[in-house]
Amino acid sequence: MSVENMDVEELYVVVDSNKPNLNERTNRTLKRPGLDSQTTTNGIEKYHPQPFKESRTGFVYDIRMRYHGNLHEGEYHPEDPSRISGIAKILETYNCTERLVKIPAREATKEEVCLVHSVKHWNEVDKTAGMKFEQLVETGDQYNSVYLNNDSAFCARLACGGVIELCKAVMQGTVTNGFANVRPPGHHAEPEEAMGFCLFNNVAVTAKCLREYHHVNKILILDWDIHHGNGTQKAFYNDPNVVYCSIHRYENGEFYPGSEQANYTYFGSGEAKGKTINIPWPRAGMYDSDYIYAFDKVVMPIADEFSPDIVIVSAGFDAAEGDPIGENHVSPIAFGHMTHRLKSIANGRLVLALEGGYNIDSISRSALACVKVLLGEAPDRLPPIKPSKDCMETVHNVLRVQSRYWKSLAPEHVEIAEGMRKLKYYCGRKGCDQDMGAVIKERTLGKIAIDMTEMLKAYRVRYLYETFRMVPAPISNDHLKKFNQITCSQNLFTSNIIFIFVHETNRTWQVSIISEIDSSLRFIDTITKQDCAIIDIDFSPSNPGDSQSRHELNELLLYVWDNMILHTAARHVFLLGAGIGCASLTNLITEREPMILDRVGGVIMVPSEIEVPKVGRGTNLIDWYYEHSCIFVPGDHPYWDKKQKSKVFGRCKLPVGNIGAAPVSEILDQCHQEIFRYVYTILAGEEL
Ligand code: X5A
Ligand code: ZN
């Protein structure tokens, strides 16, 4: 019986506050399309029934994909034909098969496969069909972790074509979602290279096909296989229309495929910055809570914000409990939950394509849980989420990098108790309680919520006072006051040397609060130990990168110069900029030219990934700037590709160790000594 036929005038739905509410993370009010609801005083919604939308689940399984097998007689290879027959069997046993819409697999064409792979690679794979035993072994051994028989190429084409057909069926509306029970797997296969049991990259080829031939605009690929999908990451690293997000065991680059490119520091390039998201576990042994935490904090907010037309999951089950290779402990229930969450994206257009997974029982039960959810069943209940420390740390590292590119990731509103717990965990200090009072912001769902960015600022101010006796400087201008915090040392009016340090509050509070590793605090420490004065400008724009914020920061710097510096007697002012703060320093130099040349001893910048800012015109100014600046530009920064290097950018140099794209704080740390050596050189002969 459908809701349509129900003989009821009104249905009441109790809002269960225990259920995970996806709207919570974006602070939106609970409202679904077609659900014109009013909340009554007792939390009961008036529900106007809508006709059910029929949901159908597609299934790809072709037994011929079992032909690809290991030729080494008696040697068991984990990527075994029984993987897909095991999954097919359990679906049959639990009466799922009859509820699934069978989508026939077909061989992917050369044209399709070569949207990702080179013709050379296609030909190399193609040749294997006619090879003798020795040749097969030799060819397989040329790759990293690949075995071959005469059917491998055919099976690879079938697996790839199967995923294509299922996604097409979803896009055409024949089915709502689906599961592709295919092998060989694909996500390690690179444009030029078969590896890691993979010949063609089934999911990557499908995504390219959808975009090329089927007018699909945005695609999310979520990869929960225990391994990083190096092939998929490569295929879309500068494609802004395809988000690749992977949760994998990383172990500092030790775990297969063993590349640093699986780290969270790789986030896409060019127009596609933030469109690659790596969530790298530092060790084996992760549990359901860790995966669900990563989903709720990173995957789902990004998926929601990206709003793809379809979600394709590289659904390896080698993170499952019992897997001999993955050694993680993800339960079938958690796989069901992840599937369930993903159904809320892209109008439910969701395709799971099998990748790895080597314990037949584990992968069968995991696949069953996923398929049941695809078919419309609710996932079983999970115990309360308790992420491990390693998980929280990993997720926070990811947030630190990704929150620059995704609005939904920051700032974070958390319940006060959770905020306290996190704050204590991160700063390891008692007595954070007072900071809370200042920052209680709003009440949501009857609970007190706090803005973590605000709390961080309050915490930082107190820390600066307790540790360095620095005090907040009043800002008389109301709109400058809103986002910014100026704190200065008490020797401001007596010291001969003043540092102006402009930096941006990490938009995710979690990281900069770790005082021990907070590079900005280390700076202040060095400066105050030398009895120099410091003005610390903590800039936390509502919308980093937009022109309004840039304008505000420019104004703030001029304010500091005109209202503070000019009232001091200091003869040496050093300008120190990190991240987006840098451009406000060149602006200050340009705007206050004559006085600046007189009183500024040196300009030091760590622009990180932002454009290297330039000073205004005037040969005098430009020459001075070049002589008095030290700009640390990472080796992979586009600045170094410029044919003509102009003095307007100051004296640019590579940071020590030439680390590539890294957070500002890391580069600052790296350059700490060199920066102060530079300062000493300038002050040589002067009394410090
Ligand atoms: C698809 C997949 C694993 C390769 C491991 C090689 N490949 N040692 O899970
Ligand atoms: Zn795997």
# chains A, B, ... in the order shown; residues from 1 in each chain; ligands from 1
call {"tool": "residues_near_ligand", "arguments": {"ligand": "ligand 2", "cutoff": "6 Å", "atoms": "only C-alpha atoms and all ligand atoms", "output": "list in words"}}
result
Asp225, Ile226, His227, Gly316, Asp318 and Gly356 of chain A
call {"tool": "residues_around", "arguments": {"residues": "segment 341-343 of chain A", "least_positions_apart": "4", "cutoff": "12 Å", "atoms": "only C-alpha atoms", "output": "ChimeraX atom specification"}}
result
/A:20-23,55,57,176-178,220-222,292,295-296,299-304,307-313,334-337,347-352,370-371,373-379
call {"tool": "write_last_selection", "arguments": {"atoms": "C-alpha atoms", "output": "PDB file, in the first residue's frame"}}
result
ATOM      1  CA  PRO A  20      21.598  11.624  12.588  1.00  0.00           C
ATOM      2  CA  ASN A  21      20.263  14.689  10.897  1.00  0.00           C
ATOM      3  CA  LEU A  22      22.218  15.579   7.799  1.00  0.00           C
ATOM      4  CA  ASN A  23      20.950  19.113   7.942  1.00  0.00           C
ATOM      5  CA  SER A  55      13.115   3.319  -6.847  1.00  0.00           C
ATOM      6  CA  THR A  57      18.322  -0.836  -8.233  1.00  0.00           C
ATOM      7  CA  THR A 176      17.819   4.877  -9.565  1.00  0.00           C
ATOM      8  CA  ASN A 177      21.032   3.364  -8.301  1.00  0.00           C
ATOM      9  CA  GLY A 178      23.031   0.200  -8.646  1.00  0.00           C
ATOM     10  CA  LEU A 220      31.673  12.635  -7.403  1.00  0.00           C
ATOM     11  CA  ILE A 221      33.915   9.591  -7.102  1.00  0.00           C
ATOM     12  CA  LEU A 222      34.133   8.304  -3.557  1.00  0.00           C
ATOM     13  CA  ILE A 292      31.596   7.477   9.840  1.00  0.00           C
ATOM     14  CA  PHE A 295      32.066  10.810   6.309  1.00  0.00           C
ATOM     15  CA  ASP A 296      30.229  13.250   8.526  1.00  0.00           C
ATOM     16  CA  VAL A 299      32.827  13.521   2.731  1.00  0.00           C
ATOM     17  CA  MET A 300      29.202  14.517   3.219  1.00  0.00           C
ATOM     18  CA  PRO A 301      29.653  18.294   3.579  1.00  0.00           C
ATOM     19  CA  ILE A 302      31.772  18.325   0.423  1.00  0.00           C
ATOM     20  CA  ALA A 303      29.381  16.020  -1.439  1.00  0.00           C
ATOM     21  CA  ASP A 304      26.477  18.279  -0.459  1.00  0.00           C
ATOM     22  CA  SER A 307      26.160  18.786  -5.582  1.00  0.00           C
ATOM     23  CA  PRO A 308      27.144  16.273  -8.258  1.00  0.00           C
ATOM     24  CA  ASP A 309      24.820  14.788 -10.882  1.00  0.00           C
ATOM     25  CA  ILE A 310      25.866  11.269  -9.923  1.00  0.00           C
ATOM     26  CA  VAL A 311      27.980   9.585  -7.244  1.00  0.00           C
ATOM     27  CA  ILE A 312      30.194   6.658  -8.211  1.00  0.00           C
ATOM     28  CA  VAL A 313      31.782   4.684  -5.411  1.00  0.00           C
ATOM     29  CA  ALA A 334      28.973   0.796   8.485  1.00  0.00           C
ATOM     30  CA  PHE A 335      29.186   0.094   4.753  1.00  0.00           C
ATOM     31  CA  GLY A 336      25.401   0.239   4.760  1.00  0.00           C
ATOM     32  CA  HIS A 337      25.492   3.585   6.540  1.00  0.00           C
ATOM     33  CA  ASN A 347      18.870  12.804  -6.151  1.00  0.00           C
ATOM     34  CA  GLY A 348      19.890   9.311  -5.176  1.00  0.00           C
ATOM     35  CA  ARG A 349      21.861   8.625  -8.362  1.00  0.00           C
ATOM     36  CA  LEU A 350      24.465   6.327  -6.872  1.00  0.00           C
ATOM     37  CA  VAL A 351      26.538   3.507  -8.327  1.00  0.00           C
ATOM     38  CA  LEU A 352      28.802   1.203  -6.336  1.00  0.00           C
ATOM     39  CA  CYS A 370      25.144  -2.021   0.653  1.00  0.00           C
ATOM     40  CA  VAL A 371      22.751  -3.597  -1.832  1.00  0.00           C
ATOM     41  CA  VAL A 373      20.351  -0.099   1.421  1.00  0.00           C
ATOM     42  CA  LEU A 374      20.357   0.594  -2.319  1.00  0.00           C
ATOM     43  CA  LEU A 375      17.113  -1.399  -2.500  1.00  0.00           C
ATOM     44  CA  GLY A 376      15.582   0.893   0.085  1.00  0.00           C
ATOM     45  CA  GLU A 377      16.119  -0.882   3.377  1.00  0.00           C
ATOM     46  CA  ALA A 378      17.379   1.106   6.338  1.00  0.00           C
ATOM     47  CA  PRO A 379      20.866   0.308   7.545  1.00  0.00           C
TER      48      PRO A 379
END
call {"tool": "residues_around", "arguments": {"residues": "Leu668 of chain A", "least_positions_apart": "6", "cutoff": "10 Å", "atoms": "only C-alpha atoms", "output": "PyMOL selection string"}}
result
chain A and resi 518-520+522-523+577-579+605-608+632+655+662+674-675
call {"tool": "residues_near_ligand", "arguments": {"ligand": "ligand 1", "cutoff": "9 Å", "atoms": "only C-alpha atoms and all ligand atoms", "output": "ChimeraX atom specification"}}
result
/A:79,144-146,184-188,195-198,225-229,255-257,316-318,325-326,354-358
call {"tool": "atom_distance", "arguments": {"atom1": "atom CA of Ala169 of chain A", "atom2": "atom CA of Ile103 of chain A"}}
result
8.0 Å
call {"tool": "residues_around", "arguments": {"residues": "Glu165 of chain A", "least_positions_apart": "5", "cutoff": "10 Å", "atoms": "only C-alpha atoms", "output": "number ranges by chain"}}
result
A: 58, 60, 103-108, 160, 170-171, 180, 206
call {"tool": "atom_distance", "arguments": {"atom1": "atom CA of Tyr264 of chain A", "atom2": "atom CA of Arg460 of chain A"}}
result
26.2 Å
call {"tool": "atom_distance", "arguments": {"atom1": "atom CA of Ile498 of chain A", "atom2": "atom CA of Ser646 of chain A"}}
result
28.6 Å
call {"tool": "closest_residue", "arguments": {"among": "A:Cys652, A:Pro638, A:Tyr287, A:His68", "to": "Tyr626 of chain A", "atoms": "only C-alpha atoms"}}
result
A:Cys652
call {"tool": "closest_residue", "arguments": {"among": "A:His117, A:Lys218, A:Lys457, A:Arg400", "to": "Thr265 of chain A", "atoms": "only C-alpha atoms"}}
result
A:Arg400
call {"tool": "select_by_dssp", "arguments": {"residues": "segment 550-662 of chain A", "states": "strand (DSSP E or B)", "output": "list in words"}}
result
His572, Val573, Phe574, Leu575, Leu576, Gly577, Ala578, Val600, Gly601, Gly602, Val603, Ile604, Met605, Val606, Ser629, Cys630, Ile631, Phe632, Cys652 and Lys653 of chain A
call {"tool": "select_by_dssp", "arguments": {"residues": "segment 445-661 of chain A", "states": "alpha helix (DSSP H)", "output": "PyMOL selection string"}}
result
chain A and resi 452-468+478-481+509-512+519-529+547-563+581-591+593-599+619-627
call {"tool": "closest_residue", "arguments": {"among": "A:Lys89, A:Arg599, A:His551, A:Arg592", "to": "Leu368 of chain A", "atoms": "only C-alpha atoms"}}
result
A:Lys89
call {"tool": "closest_residue", "arguments": {"among": "A:Ile622, A:Val633, A:Met286, A:Val243", "to": "Ile604 of chain A", "atoms": "only C-alpha atoms"}}
result
A:Val633
call {"tool": "closest_residue", "arguments": {"among": "A:Lys168, A:Lys386, A:Arg64, A:Lys234", "to": "Cys155 of chain A", "atoms": "only C-alpha atoms"}}
result
A:Arg64
call {"tool": "closest_residue", "arguments": {"among": "A:Tyr559, A:Trp224, A:Tyr47, A:Tyr463", "to": "Tyr291 of chain A", "atoms": "only C-alpha atoms"}}
result
A:Trp224
